[in-house]
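Chemist: File name structure_27.txt; file contents compact mmCIF, C-alpha atoms; full text below.
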# COMPACT_ATOMS: atom_id res chain seq x y z
CA MET A 1 -14.95 9.84 6.40
CA THR A 2 -11.50 9.03 5.13
CA ARG A 3 -11.26 6.76 2.12
CA ARG A 4 -8.05 4.78 1.81
CA ILE A 5 -7.11 3.83 -1.72
CA ALA A 6 -4.35 1.51 -2.86
CA MET A 7 -3.44 0.84 -6.46
CA THR A 8 -0.88 -1.15 -8.40
CA ILE A 9 0.91 -0.93 -11.72
CA GLY A 10 4.07 -2.35 -13.26
CA VAL A 11 7.21 -0.47 -14.20
CA ARG A 12 9.29 -1.33 -17.25
CA GLU A 13 12.68 -2.71 -16.27
CA GLU A 14 14.48 -0.47 -18.77
CA LYS A 15 12.57 2.56 -17.45
CA LEU A 16 12.92 1.89 -13.73
CA ASP A 17 15.84 4.27 -13.24
CA GLU A 18 14.01 7.00 -15.12
CA TYR A 19 10.86 6.46 -13.05
CA LEU A 20 12.80 6.69 -9.80
CA ARG A 21 14.66 9.78 -11.01
CA LEU A 22 11.40 11.50 -11.97
CA HIS A 23 10.11 10.89 -8.45
CA GLU A 24 13.13 12.43 -6.79
CA VAL A 25 11.58 15.79 -7.65
CA VAL A 26 7.96 15.49 -8.74
CA TRP A 27 6.93 18.69 -10.47
CA PRO A 28 5.49 21.16 -7.92
CA ASP A 29 2.44 21.85 -10.10
CA VAL A 30 1.65 18.13 -10.10
CA THR A 31 1.81 17.79 -6.32
CA ALA A 32 -0.11 21.06 -5.89
CA ARG A 33 -2.91 19.74 -8.09
CA LEU A 34 -3.11 16.52 -6.08
CA THR A 35 -3.32 18.49 -2.85
CA GLU A 36 -5.92 20.86 -4.31
CA ALA A 37 -7.99 17.82 -5.31
CA GLY A 38 -7.98 16.58 -1.72
CA ILE A 39 -5.53 13.70 -2.18
CA ARG A 40 -3.25 13.38 0.84
CA ASN A 41 -0.84 11.05 2.60
CA TYR A 42 0.14 9.67 -0.80
CA THR A 43 3.02 7.20 -0.93
CA ILE A 44 4.32 5.09 -3.79
CA PHE A 45 6.16 1.90 -2.85
CA ARG A 46 8.00 -0.57 -5.03
CA HIS A 47 8.51 -4.33 -4.99
CA GLY A 48 10.83 -5.19 -7.86
CA LEU A 49 8.99 -4.07 -10.97
CA THR A 50 5.63 -3.69 -9.20
CA LEU A 51 4.50 -0.35 -7.82
CA PHE A 52 1.95 0.05 -5.03
CA SER A 53 0.41 3.41 -4.24
CA TYR A 54 -1.52 4.39 -1.13
CA PHE A 55 -3.37 7.62 -0.56
CA GLU A 56 -6.26 9.07 1.40
CA PHE A 57 -9.22 11.19 0.38
CA ASP A 58 -11.66 12.91 2.74
CA GLY A 59 -14.14 14.29 0.23
CA ASP A 60 -17.30 12.68 -1.06
CA ASP A 61 -16.49 12.73 -4.79
CA LEU A 62 -13.34 10.78 -5.58
CA GLU A 63 -14.26 10.45 -9.27
CA GLY A 64 -14.64 14.21 -9.42
CA ALA A 65 -11.26 14.65 -7.77
CA PHE A 66 -9.65 12.34 -10.34
CA ALA A 67 -11.32 14.28 -13.16
CA PHE A 68 -10.07 17.57 -11.69
CA ILE A 69 -6.52 16.22 -11.61
CA ALA A 70 -6.78 14.85 -15.15
CA GLU A 71 -7.89 18.25 -16.50
CA ASP A 72 -4.61 19.86 -15.49
CA PRO A 73 -2.31 20.40 -18.50
CA VAL A 74 0.86 20.15 -16.40
CA THR A 75 -0.30 16.84 -14.92
CA GLN A 76 -1.03 15.62 -18.44
CA GLU A 77 2.56 16.41 -19.42
CA TRP A 78 3.83 14.66 -16.30
CA TRP A 79 1.75 11.57 -17.09
CA LYS A 80 3.28 11.39 -20.58
CA LEU A 81 6.62 10.81 -18.86
CA THR A 82 5.40 8.45 -16.15
CA ASP A 83 2.98 6.44 -18.32
CA ALA A 84 5.88 5.64 -20.65
CA CYS A 85 7.66 4.00 -17.69
CA GLN A 86 4.66 1.96 -16.60
CA VAL A 87 2.96 -1.27 -17.70
CA ARG A 88 -0.72 -1.46 -16.84
CA VAL A 89 -1.71 -4.55 -14.89
CA GLU A 90 -4.06 -7.12 -16.41
CA GLY A 91 -7.58 -6.31 -15.37
CA THR A 92 -7.11 -2.54 -15.21
CA PRO A 93 -10.29 -0.92 -16.60
CA ASP A 94 -10.07 0.85 -19.95
CA GLY A 95 -9.19 4.50 -19.50
CA GLU A 96 -7.50 3.90 -16.16
CA GLN A 97 -3.78 3.66 -15.59
CA TRP A 98 -3.42 2.17 -12.11
CA LEU A 99 -5.54 -0.78 -10.92
CA ALA A 100 -7.42 -0.14 -7.66
CA LEU A 101 -7.06 -2.88 -5.03
CA ASP A 102 -9.67 -4.35 -2.72
CA GLU A 103 -9.51 -3.55 0.99
CA VAL A 104 -9.30 -6.71 3.11
CA TRP A 105 -9.12 -5.12 6.57
CA HIS A 106 -8.42 -1.86 8.35
CA LEU A 107 -7.36 -0.79 11.86
CA ASP A 108 -7.38 2.92 12.76
CA MET B 1 8.15 11.59 12.68
CA THR B 2 5.73 9.20 11.08
CA ARG B 3 7.18 6.15 9.37
CA ARG B 4 5.06 4.67 6.61
CA ILE B 5 5.60 0.99 6.04
CA ALA B 6 4.25 -1.14 3.22
CA MET B 7 4.72 -4.88 2.88
CA THR B 8 3.67 -7.66 0.58
CA ILE B 9 2.99 -11.38 0.79
CA GLY B 10 1.08 -13.94 -1.25
CA VAL B 11 -2.07 -15.77 -0.24
CA ARG B 12 -2.74 -19.41 -1.17
CA GLU B 13 -5.60 -19.69 -3.64
CA GLU B 14 -7.22 -22.50 -1.66
CA LYS B 15 -6.91 -20.46 1.54
CA LEU B 16 -8.11 -17.12 0.20
CA ASP B 17 -11.67 -17.48 1.49
CA GLU B 18 -10.39 -18.48 4.91
CA TYR B 19 -8.00 -15.53 5.00
CA LEU B 20 -10.78 -13.09 4.11
CA ARG B 21 -13.13 -14.67 6.65
CA LEU B 22 -10.50 -14.38 9.40
CA HIS B 23 -10.18 -10.68 8.63
CA GLU B 24 -13.89 -10.02 8.91
CA VAL B 25 -13.35 -10.13 12.67
CA VAL B 26 -9.69 -9.97 13.61
CA TRP B 27 -9.34 -11.08 17.25
CA PRO B 28 -9.63 -8.05 19.58
CA ASP B 29 -6.49 -9.02 21.50
CA VAL B 30 -4.54 -8.98 18.23
CA THR B 31 -5.69 -5.50 17.23
CA ALA B 32 -5.20 -4.27 20.82
CA ARG B 33 -1.60 -5.47 20.77
CA LEU B 34 -0.93 -3.70 17.46
CA THR B 35 -2.38 -0.49 18.86
CA GLU B 36 -0.41 -0.84 22.10
CA ALA B 37 2.75 -1.28 20.03
CA GLY B 38 2.10 2.03 18.25
CA ILE B 39 1.00 0.62 14.89
CA ARG B 40 -1.83 2.65 13.42
CA ASN B 41 -3.73 3.39 10.23
CA TYR B 42 -3.13 -0.21 9.19
CA THR B 43 -4.84 -1.44 6.05
CA ILE B 44 -4.44 -4.70 4.14
CA PHE B 45 -5.32 -4.61 0.45
CA ARG B 46 -5.46 -7.43 -2.07
CA HIS B 47 -4.69 -7.76 -5.77
CA GLY B 48 -5.62 -11.29 -6.78
CA LEU B 49 -3.41 -13.53 -4.68
CA THR B 50 -1.08 -10.73 -3.64
CA LEU B 51 -1.58 -8.88 -0.36
CA PHE B 52 -0.31 -5.38 0.20
CA SER B 53 -0.26 -3.91 3.71
CA TYR B 54 0.24 -0.30 4.75
CA PHE B 55 0.63 1.06 8.27
CA GLU B 56 2.14 3.95 10.17
CA PHE B 57 4.39 4.11 13.21
CA ASP B 58 5.27 7.23 15.18
CA GLY B 59 7.78 5.79 17.63
CA ASP B 60 11.54 5.54 17.26
CA ASP B 61 11.90 1.75 17.67
CA LEU B 62 9.98 -0.15 15.04
CA GLU B 63 12.01 -3.33 15.60
CA GLY B 64 11.12 -3.13 19.29
CA ALA B 65 7.46 -2.69 18.41
CA PHE B 66 7.57 -5.77 16.18
CA ALA B 67 9.25 -7.75 18.97
CA PHE B 68 6.61 -6.60 21.46
CA ILE B 69 3.86 -7.80 19.11
CA ALA B 70 5.60 -11.11 18.48
CA GLU B 71 5.85 -11.81 22.23
CA ASP B 72 2.07 -11.87 22.59
CA PRO B 73 0.72 -15.46 22.91
CA VAL B 74 -2.64 -14.56 21.39
CA THR B 75 -0.93 -12.96 18.38
CA GLN B 76 1.18 -16.10 18.03
CA GLU B 77 -2.02 -18.19 17.86
CA TRP B 78 -3.48 -15.76 15.32
CA TRP B 79 -0.36 -15.99 13.17
CA LYS B 80 -0.62 -19.80 13.12
CA LEU B 81 -3.93 -19.32 11.31
CA THR B 82 -2.85 -16.51 8.99
CA ASP B 83 0.63 -17.85 8.19
CA ALA B 84 -1.02 -21.06 6.95
CA CYS B 85 -2.93 -18.94 4.39
CA GLN B 86 0.11 -17.04 3.20
CA VAL B 87 3.02 -17.68 0.83
CA ARG B 88 6.13 -15.67 1.61
CA VAL B 89 7.46 -13.68 -1.32
CA GLU B 90 10.87 -14.50 -2.79
CA GLY B 91 13.45 -12.27 -1.16
CA THR B 92 11.73 -12.07 2.23
CA PRO B 93 14.46 -12.22 4.92
CA ASP B 94 14.67 -15.36 7.07
CA GLY B 95 12.51 -15.00 10.16
CA GLU B 96 10.21 -12.46 8.55
CA GLN B 97 6.79 -13.19 7.14
CA TRP B 98 5.93 -10.12 5.04
CA LEU B 99 8.46 -8.45 2.72
CA ALA B 100 8.97 -4.72 3.36
CA LEU B 101 8.79 -2.53 0.24
CA ASP B 102 10.93 0.42 -0.77
CA GLU B 103 9.39 3.89 -0.69
CA VAL B 104 9.64 5.65 -4.07
CA TRP B 105 7.93 8.90 -3.20
CA HIS B 106 5.67 10.57 -0.62
CA LEU B 107 3.33 13.56 -0.51
CA ASP B 108 1.83 14.64 2.84
Could you write out this structure as C-alpha cells?

Modeler:
Amino acid sequence: MTRRIAMTIGVREEKLDEYLRLHEVVWPDVTARLTEAGIRNYTIFRHGLTLFSYFEFDGDDLEGAFAFIAEDPVTQEWWKLTDACQVRVEGTPDGEQWLALDEVWHLD
Amino acid sequence: MTRRIAMTIGVREEKLDEYLRLHEVVWPDVTARLTEAGIRNYTIFRHGLTLFSYFEFDGDDLEGAFAFIAEDPVTQEWWKLTDACQVRVEGTPDGEQWLALDEVWHLD
C-alpha cells in the first residue's frame, strides 16, 4: 500500500536563493539514498517562504527508511546546507526538521 | 509526461469541522468528474488552517481539464459548499480558488 506523505517547513528570506540554487542540482548521493530507502515521486513546492514536500513510500517501515537516510554521511552534509536555509514550523516535533501534515482526503 | 500540481488555500476556523466532514464522503459525481478530466493521485493535506493539495495530470491541456470540471453542475453545487469553508490566499489570481505553487525540485 502506498503511503502519501506531505510536510512543510519555512525558508529564510535571505537564504531563499541559496536554497533554490542547491536544488537545481541535488547531490546524486543524496537522491540515490532517498531512492534506496524507497522514497519516490518526491516533489518540493514553494509558496512564498513556505515549502511543501510530497512523496510516496511503498514499504512498511517509514521510520526505518528515515533512519536509513539519516545514517548516510553525505546526506548529513547536505542537510547542514539545507537546514541552514530552513526555519522549522511551530509544532514540529523535537528531532524532526519538516512537520508532517494531516491527510484530509485522497482520490486515486 | 506527468504534470504534478500543488495548490494552497486557507480554511475558515469556524468551518474546519464542516470542511473535514464534507471530505469524509466527497460526492461520487464530483470524484467521477475529476477522474474523467484526467486528474489523478489527488490528495488534500492540512496544516492548521492551511490546506495543501497535490494531484497529477497526464494530458496536454490542463486548462481544458479545469474548464471541463467547472462546467459540471454537480461540481458547481459541491464548490458552493467547499468555497464557503475556504479563504483564498493572497496572490491567488482572479477567478481562481486555489493558488498554484511553484515546483522547487522533483525526484521520480

Chemist: Could you list, as a PyMOL selection string, the residues of chain B having an atom within 7 Å of chain A when counting only C-alpha atoms?

Modeler: chain B and resi 20+23+40-47+101-108

Chemist: Select, from B:Leu49, B:Val30, B:Ala37, B:Ala84, the residue with the minimum atom-to-atom distance to Gly10 of chain B, counting only C-alpha atoms.

Modeler: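 Residue with the minimum atom-to-atom distance to Gly10 of chain B: B:Leu49.
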
Chemist: What does the structure give for the distance between atom CA of Arg33 of chain B and atom CA of Glu63 of chain B, in Å to one decimal?

Modeler: 14.7 Å

Chemist: Please, what distance in Å, to one decimal, runs between atom CA of Gln86 of chain B and atom CA of Ile9 of chain B?

Modeler: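 Going from atom CA of Gln86 of chain B over to atom CA of Ile9 of chain B, I get 6.8 Å.
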
Chemist: What is the distance between atom CA of Asp17 of chain A and atom CA of Thr75 of chain A, in Å to one decimal?

Modeler: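 Separation between atom CA of Asp17 of chain A and atom CA of Thr75 of chain A: 20.5 Å.
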
Chemist: When you count all atoms listed in the file, which of these residues is closest to Thr82 of chain A: A:Ala70, A:Leu62, A:Gln97, A:Gly38?

Modeler: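 For Thr82 of chain A, the nearest of the candidates is A:Gln97.
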
Chemist: Give me the box for segment 25-28 of chain A as AutoDock Vina command-line options, namely the centre and edge lengths in Å to one decimal of a box along x, y and z that holds every listed atom plus 3 Å on each side.

Modeler:
--center_x 8.5 --center_y 18.3 --center_z -9.1 --size_x 12.1 --size_y 11.7 --size_z 8.8

Chemist: Nearest to Glu77 of chain B: which of B:Asp58, B:Glu90, B:Glu18, B:Asp29 is it, counting all atoms listed in the file?

Modeler: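 Smallest distance to Glu77 of chain B is found for B:Asp29.
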
Chemist: Generate the coordinates of all heavy atoms for segment 15-26 of chain A; report them as an mmCIF file, in the coordinates of the input.

Modeler:
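What ended up in result.cif:
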data_model
loop_
_atom_site.group_PDB
_atom_site.id
_atom_site.type_symbol
_atom_site.label_atom_id
_atom_site.label_comp_id
_atom_site.auth_asym_id
_atom_site.auth_seq_id
_atom_site.Cartn_x
_atom_site.Cartn_y
_atom_site.Cartn_z
ATOM 1 N N LYS A 15 12.988 1.206 -17.803
ATOM 2 C CA LYS A 15 12.570 2.560 -17.450
ATOM 3 C C LYS A 15 12.563 2.789 -15.944
ATOM 4 O O LYS A 15 12.136 3.860 -15.479
ATOM 5 C CB LYS A 15 11.141 2.800 -17.989
ATOM 6 C CG LYS A 15 11.037 2.865 -19.502
ATOM 7 C CD LYS A 15 11.417 4.259 -19.999
ATOM 8 C CE LYS A 15 10.917 4.469 -21.424
ATOM 9 N NZ LYS A 15 11.090 5.884 -21.814
ATOM 10 N N LEU A 16 12.981 1.773 -15.200
ATOM 11 C CA LEU A 16 12.920 1.890 -13.730
ATOM 12 C C LEU A 16 13.753 3.071 -13.232
ATOM 13 O O LEU A 16 13.279 3.883 -12.428
ATOM 14 C CB LEU A 16 13.391 0.582 -13.084
ATOM 15 C CG LEU A 16 13.505 0.610 -11.560
ATOM 16 C CD1 LEU A 16 12.171 0.961 -10.911
ATOM 17 C CD2 LEU A 16 14.020 -0.729 -11.037
ATOM 18 N N ASP A 17 14.983 3.176 -13.713
ATOM 19 C CA ASP A 17 15.840 4.270 -13.240
ATOM 20 C C ASP A 17 15.204 5.621 -13.554
ATOM 21 O O ASP A 17 15.233 6.538 -12.727
ATOM 22 C CB ASP A 17 17.219 4.182 -13.910
ATOM 23 C CG ASP A 17 18.051 3.049 -13.325
ATOM 24 O OD1 ASP A 17 17.646 2.481 -12.293
ATOM 25 O OD2 ASP A 17 19.086 2.725 -13.923
ATOM 26 N N GLU A 18 14.639 5.733 -14.746
ATOM 27 C CA GLU A 18 14.010 7.000 -15.120
ATOM 28 C C GLU A 18 12.817 7.296 -14.203
ATOM 29 O O GLU A 18 12.631 8.434 -13.757
ATOM 30 C CB GLU A 18 13.538 6.939 -16.589
ATOM 31 C CG GLU A 18 12.894 8.232 -17.038
ATOM 32 C CD GLU A 18 12.432 8.175 -18.499
ATOM 33 O OE1 GLU A 18 12.946 7.327 -19.264
ATOM 34 O OE2 GLU A 18 11.545 8.973 -18.852
ATOM 35 N N TYR A 19 12.028 6.272 -13.921
ATOM 36 C CA TYR A 19 10.860 6.460 -13.050
ATOM 37 C C TYR A 19 11.275 6.936 -11.658
ATOM 38 O O TYR A 19 10.676 7.856 -11.098
ATOM 39 C CB TYR A 19 10.066 5.150 -12.955
ATOM 40 C CG TYR A 19 8.742 5.317 -12.273
ATOM 41 C CD1 TYR A 19 7.627 5.801 -12.959
ATOM 42 C CD2 TYR A 19 8.586 5.032 -10.919
ATOM 43 C CE1 TYR A 19 6.411 5.979 -12.329
ATOM 44 C CE2 TYR A 19 7.371 5.213 -10.285
ATOM 45 C CZ TYR A 19 6.288 5.675 -10.994
ATOM 46 O OH TYR A 19 5.080 5.868 -10.356
ATOM 47 N N LEU A 20 12.319 6.297 -11.127
ATOM 48 C CA LEU A 20 12.800 6.690 -9.800
ATOM 49 C C LEU A 20 13.353 8.112 -9.821
ATOM 50 O O LEU A 20 13.111 8.909 -8.910
ATOM 51 C CB LEU A 20 13.865 5.707 -9.305
ATOM 52 C CG LEU A 20 13.393 4.264 -9.103
ATOM 53 C CD1 LEU A 20 14.551 3.377 -8.665
ATOM 54 C CD2 LEU A 20 12.242 4.178 -8.103
ATOM 55 N N ARG A 21 14.071 8.436 -10.899
ATOM 56 C CA ARG A 21 14.660 9.780 -11.010
ATOM 57 C C ARG A 21 13.567 10.839 -11.089
ATOM 58 O O ARG A 21 13.645 11.883 -10.458
ATOM 59 C CB ARG A 21 15.577 9.822 -12.241
ATOM 60 C CG ARG A 21 16.609 10.917 -12.186
ATOM 61 C CD ARG A 21 17.704 10.674 -13.228
ATOM 62 N NE ARG A 21 17.133 10.430 -14.553
ATOM 63 C CZ ARG A 21 17.321 9.314 -15.276
ATOM 64 N NH1 ARG A 21 18.078 8.339 -14.808
ATOM 65 N NH2 ARG A 21 16.763 9.192 -16.462
ATOM 66 N N LEU A 22 12.532 10.558 -11.869
ATOM 67 C CA LEU A 22 11.400 11.500 -11.970
ATOM 68 C C LEU A 22 10.804 11.774 -10.581
ATOM 69 O O LEU A 22 10.396 12.900 -10.277
ATOM 70 C CB LEU A 22 10.308 10.931 -12.879
ATOM 71 C CG LEU A 22 10.546 11.033 -14.387
ATOM 72 C CD1 LEU A 22 9.559 10.135 -15.131
ATOM 73 C CD2 LEU A 22 10.410 12.482 -14.860
ATOM 74 N N HIS A 23 10.768 10.732 -9.754
ATOM 75 C CA HIS A 23 10.110 10.890 -8.450
ATOM 76 C C HIS A 23 11.025 11.465 -7.373
ATOM 77 O O HIS A 23 10.586 11.679 -6.245
ATOM 78 C CB HIS A 23 9.486 9.561 -8.019
ATOM 79 C CG HIS A 23 8.212 9.295 -8.766
ATOM 80 N ND1 HIS A 23 8.209 8.807 -10.051
ATOM 81 C CD2 HIS A 23 6.912 9.535 -8.452
ATOM 82 C CE1 HIS A 23 6.957 8.722 -10.481
ATOM 83 N NE2 HIS A 23 6.151 9.150 -9.545
ATOM 84 N N GLU A 24 12.276 11.714 -7.732
ATOM 85 C CA GLU A 24 13.130 12.430 -6.790
ATOM 86 C C GLU A 24 12.641 13.871 -6.626
ATOM 87 O O GLU A 24 12.712 14.440 -5.546
ATOM 88 C CB GLU A 24 14.588 12.405 -7.253
ATOM 89 C CG GLU A 24 15.235 11.043 -7.011
ATOM 90 C CD GLU A 24 16.618 10.945 -7.637
ATOM 91 O OE1 GLU A 24 17.184 11.982 -8.046
ATOM 92 O OE2 GLU A 24 17.125 9.810 -7.751
ATOM 93 N N VAL A 25 12.149 14.432 -7.717
ATOM 94 C CA VAL A 25 11.580 15.790 -7.650
ATOM 95 C C VAL A 25 10.341 15.835 -8.548
ATOM 96 O O VAL A 25 10.413 16.231 -9.718
ATOM 97 C CB VAL A 25 12.595 16.868 -8.112
ATOM 98 C CG1 VAL A 25 12.033 18.259 -7.792
ATOM 99 C CG2 VAL A 25 13.950 16.686 -7.448
ATOM 100 N N VAL A 26 9.218 15.407 -7.988
ATOM 101 C CA VAL A 26 7.960 15.490 -8.740
ATOM 102 C C VAL A 26 7.632 16.967 -8.948
ATOM 103 O O VAL A 26 7.821 17.793 -8.047
ATOM 104 C CB VAL A 26 6.830 14.762 -7.973
ATOM 105 C CG1 VAL A 26 5.486 14.970 -8.646
ATOM 106 C CG2 VAL A 26 7.158 13.261 -7.876
#
